[in-house]
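Student: Before I ask anything, here is the structure I am working with.
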Amino acid sequence: MYSKKIVFILCFILAFSLFASEADQYSTNPKVISISGTMARYGDHFIVADLNADGAMDFLYRTTTTLYAYDHDGTALWNVSVALEAELNGTSIAAGDIDGDGIMEVLVLNDADQILILTGSTGVEEDRIDVTVLANQRASYFQIVNLRGEGDRDIIVQMNDVDLEGNQNYYVNRSLVAIRVDTEAEIWRVDQDRVGSSGATWYEGYWGQAHGAFFAVDIDGDGLDEVVGGTWVDHDGTVVDVNCPKDWVGEENPTYIDHLDAIVVGDFRPDLAGLEWAMTEEDRHGDVAYNTTLMTSSDTLWRKETTLFVDDVNNDREPQNLVAGDFDPARSNIEFWMRSRFNYDDNSGNGQQPWVFDIDGSQFNDYYTKDMLPDGFCEKHATNNYRAHGLEMIWNVDWDGSGTEYIVGKARRGYGHVGIFNAATGTAVWTSMSSVDTLQAKTLYVADIAGDSREEIIVVDLEDNTIKIFHNADTYIDNQPNKWDDPLYRRLKQNWSYYSPGSYTARSTVQLAIDVFLEGPYSTADDAMSTALMESSYLPIASPYSEDPLILGSTADIPANVTDWVLVELRATADGHAIYQQSAFLRNDGRIIDEKGNSFINAFVERQASYYIVVKHRNHLAVMSASAHDFTSGIVAYDFTTATSKYYGTDAALLESGVYGMYAGDANGSSGINATDYLSLKTQIGESGYYTQDVNVSGLLNATDYLIIKPNVGKVSQI
């Protein structure tokens, strides 16, 4: 049983260490990392995470037999033999600080229905969780989630049917089980056991993606994760119907259940509460049409079939892979790209044909991928006519930071190159042919590796057993919010599936301009706080808050005039769990700034909501706004310094006439100031550096700290 001590309660955000400022791109393009083992045709999976807490993204890659970890610079960190059931098309590894100790763990599924927990930097096994499965099932996919408001302390595991996989019924008999990591206790189960509770049907409520893993994100803005699909599963295991027609064939004894091929999730309609998700229903039976459907947590917005086909072979309009993004800036919100296969197996047909819907489900373009792929793109095929097979493993990508997104995909039905294309028109923007002569792209992954808000393209290449990382070498000034600050981005980048890779559509942030003073370092002579930690080079480049363990590249990246790190938290209710948490800097004039020096922080939260604003410091009592504030406008200003009425509980430290701040003295983080705090100081007197007992934030532990703590003994946080 996993029993490591929980140091901090994490709320909602997956505990990655992140780039905070623009990092240098690799000196070579592509950057090449040699894989130390043998790769197989199927069953591989790839994600990125900061495994060794150095502020740079590292790489996890697994085959059906082995999990490999590589440092950001390409150095091999470790590898572990972990057998996996072959030919699974979705996530079987994850990374996160699942116990809040500031150390990254890697979780990996094996073929014995177990989740292994490894230390991220070394690969040493810490524990393993046994998953209880029904007869005829196997554990196939899992994801780290937050289901109880205590942070990323839970996992959801999906079970697939052992003997129904591979025939027309492979998308039934899929169960979900939610498990606490610390105790291994089940939180809930949603079982499909073939016969079903009524004794007549296999379908029992959860309607998920046919080919791969479930999608878990916070769709309703409550700070807890849900599972989305044709129906969705709430954080407590309740299955919710959103009025999407279920086209079952044979209701009493079904031989077919409507085939969901792909799912994408995002804030596609910012005017609506929560997130939305779209899905493609691939198969057609009788009069049942192929559809693309857009849904919210409460309803189905629209469900439509493609109409503008150039070549409608056998009425074969099945929508398969699905990608969403701002592909056409002239249109409002986002667009949806999907594709269907046509007659290409005999090497004479037009083949794969994508089409594009706008946000209202109106189709505005379609084309053949064979016309958009350059000669030689599908180089491992016998002839260039095999370009008709088109693309697969399709993501969206923020390639140039312009706000316009593109699609990126690899050659389908065999190995070849990867390319970036204008989704609305099919025009090629970039292909790997410009960088390398030959490529056998096996696995494709997209993420912001350099931390400059643009995304890189990561390819597993069978040509020479390497990982190749392609980046945009154009000159670029980063003025965008850090994608990794968005919990949705973090979730999707670990929720990989062949048909739904986890594409992310940038969502609007809320700008928070917050002013607050710390009592300890405040100077009435300067009407400002000390910057002694920064001046003495004691201020760390890593945030002390495990809730959002932000790491900068170097001390040179710390903005000017910083007093210390703080943690900003948003809550939907005064006594509820955190919806959002973000590490930030407190400037000496009282303004909370982001890691780039902006006089605000960007919060990735629901605009159609109101939140309480919480500020926490490592040795001052946390404070919260007196009431919840409307976030609709996208800009929120709150000044804690002007009156006690700004504080929940109306209690604040009087710093000077008309100026208020956070009480100093909570050296042990207990949310109260007592004898324990100054007794811990007593044992450290004379030390210098970054200490929690340093309540005047000077970098020195001396009698001054004691004199600040003493009058505040008995004070407790009002939140």
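Order determines the names: the first chain of the structure tokens is A, the second B, and so forth; residues in each chain are numbered 1 upward, and ligands are numbered 1 upward as they are shown.
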So that I can see what lies close to A:Asn243, please list as a ChimeraX atom specification the residues with an atom at most 9 Å from it, counting only C-alpha atoms and leaving out residues fewer than 6 positions away in the same chain.

Tutor: /A:230-231,298-300

Student: Which polymer residues have any atom within 7 Å of an atom of stretch 629-637 of chain A, counting only C-alpha atoms, with same-chain residues fewer than 6 positions away left out, as a VMD selection string?

Tutor: chain A and resid 509 to 514 607 to 612

Student: Write the residues of the selection above to a file with N, CA and C atoms, as a short mmCIF file (atom, residue, chain, number, x, y, z; two decimals), in the first residue's frame.

Tutor:
data_model
loop_
_atom_site.label_atom_id
_atom_site.label_comp_id
_atom_site.auth_asym_id
_atom_site.auth_seq_id
_atom_site.Cartn_x
_atom_site.Cartn_y
_atom_site.Cartn_z
N THR A 509 -7.44 33.28 -20.95
CA THR A 509 -7.15 33.34 -19.53
C THR A 509 -7.89 34.52 -18.89
N VAL A 510 -7.91 34.53 -17.57
CA VAL A 510 -8.38 35.69 -16.81
C VAL A 510 -7.14 36.35 -16.21
N GLN A 511 -6.98 37.65 -16.43
CA GLN A 511 -5.84 38.38 -15.88
C GLN A 511 -6.16 38.84 -14.47
N LEU A 512 -5.33 38.41 -13.52
CA LEU A 512 -5.52 38.75 -12.11
C LEU A 512 -4.47 39.76 -11.69
N ALA A 513 -4.93 40.96 -11.32
CA ALA A 513 -4.05 42.00 -10.79
C ALA A 513 -4.31 42.08 -9.29
N ILE A 514 -3.43 41.47 -8.49
CA ILE A 514 -3.65 41.33 -7.05
C ILE A 514 -2.54 42.06 -6.30
N ARG A 607 -14.54 31.47 -17.18
CA ARG A 607 -14.95 32.89 -17.12
C ARG A 607 -16.40 33.06 -16.68
N GLN A 608 -17.20 32.06 -16.94
CA GLN A 608 -18.62 32.17 -16.59
C GLN A 608 -18.83 31.74 -15.14
N ALA A 609 -18.01 32.31 -14.24
CA ALA A 609 -18.09 31.89 -12.84
C ALA A 609 -17.55 32.99 -11.95
N SER A 610 -17.73 32.83 -10.63
CA SER A 610 -17.18 33.74 -9.62
C SER A 610 -16.29 32.94 -8.68
N TYR A 611 -15.21 33.57 -8.22
CA TYR A 611 -14.24 32.87 -7.38
C TYR A 611 -13.77 33.74 -6.22
N TYR A 612 -13.47 33.10 -5.11
CA TYR A 612 -12.74 33.73 -4.02
C TYR A 612 -11.25 33.69 -4.38
#

Student: Kindly give the distance, in Å, that separates atom CA of A:Val48 and atom CA of A:Arg174, rounded to a single decimal.

Tutor: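 That distance, rounded to one decimal, is 27.5 Å.
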
Student: Considering only C-alpha atoms, state which residue in the set A:Asn696, A:Leu654, A:Gly266, A:Glu276 is at the smallest distance from A:Asp486.

Tutor: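 Among the listed residues, the smallest separation from A:Asp486 belongs to A:Gly266.
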
Student: What does the distance from atom CA of A:Lys493 to atom CA of A:Phe215 come to in Å, to one decimal?

Tutor: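 Computing the Euclidean distance for atom CA of A:Lys493 and atom CA of A:Phe215 yields 11.1 Å.
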
Student: Give me every strand (DSSP E) residue in stretch 488-676 of chain A, going by DSSP on the backbone, as an NGL selection string.

Tutor: :A and (510-515 or 522-523 or 528-529 or 562-571 or 578-587 or 592-593 or 601-603 or 610-617 or 620-624 or 629-630 or 635-639 or 653-656 or 659-661)

Student: Taking only residues of stretch 351-376 of chain A that have an atom at most 10 Å from an atom of stretch 329-334 of chain A, what is each one's shortest atom pair and its distance in Å to one decimal, using only C-alpha atoms, in chain and number order, as a Markdown table?

Tutor:
| residue | atom | partner | partner_atom | distance |
| --- | --- | --- | --- | --- |
| A:Phe357 | CA | A:Ile334 | CA | 9.1 |
| A:Asp358 | CA | A:Ile334 | CA | 6.7 |
| A:Ile359 | CA | A:Ile334 | CA | 5.8 |
| A:Asp360 | CA | A:Ile334 | CA | 9.6 |

Student: Rounded to one decimal in Å, what is the spacing between atom CA of A:Asp127 and atom CA of A:Arg180?

Tutor: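 Interatomic distance, atom CA of A:Asp127 to atom CA of A:Arg180: 13.5 Å.
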
Student: I'd like the contact shell of A:Val446 - 7 Å cut-off, only C-alpha atoms, skipping same-chain residues fewer than 5 positions apart - returned as a count of residues only.

Tutor: 5

Student: Could you find all residues in stretch 418-647 of chain A that DSSP calls alpha helix (DSSP H) from the backbone, and write them as a ChimeraX atom specification?

Tutor: /A:487-492,532-535

Student: When you look at A:Ser698 with a cut-off of 12 Å (counting only C-alpha atoms), what residues show up, excluding the ones that are within fewer than 6 positions of it in the same chain? I need them as a PyMOL selection string.

Tutor: chain A and resi 520-523+529-539+563-564+687-692+704-705

Student: Give the answer as one residue: which of A:Phe517, A:Tyr499, A:Tyr61, A:Tyr70 has the shortest atom-to-atom distance to A:Ala210, using only C-alpha atoms?

Tutor: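 Between A:Phe517, A:Tyr499, A:Tyr61, A:Tyr70, the residue approaching A:Ala210 most closely is A:Tyr499.
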
Student: Can you work out which one of A:Ser175, A:Asn668, A:Thr404, A:Ser625 has the shortest atom-to-atom distance to A:Asp326, counting only C-alpha atoms?

Tutor: A:Thr404

Student: Which one of A:Asp261, A:Asp527, A:Asp154, A:Asp557 sits closest to A:Tyr498 if you count only C-alpha atoms?

Tutor: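 Checking each of A:Asp261, A:Asp527, A:Asp154, A:Asp557 against A:Tyr498, counting only C-alpha atoms, the winner is A:Asp261.
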
Student: Rank nothing, just name the residue among A:Ile129, A:Ile593, A:Ala56, A:Leu488 nearest to A:Asp73, using only C-alpha atoms.

Tutor: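 Selected residue with least distance to A:Asp73: A:Ala56.
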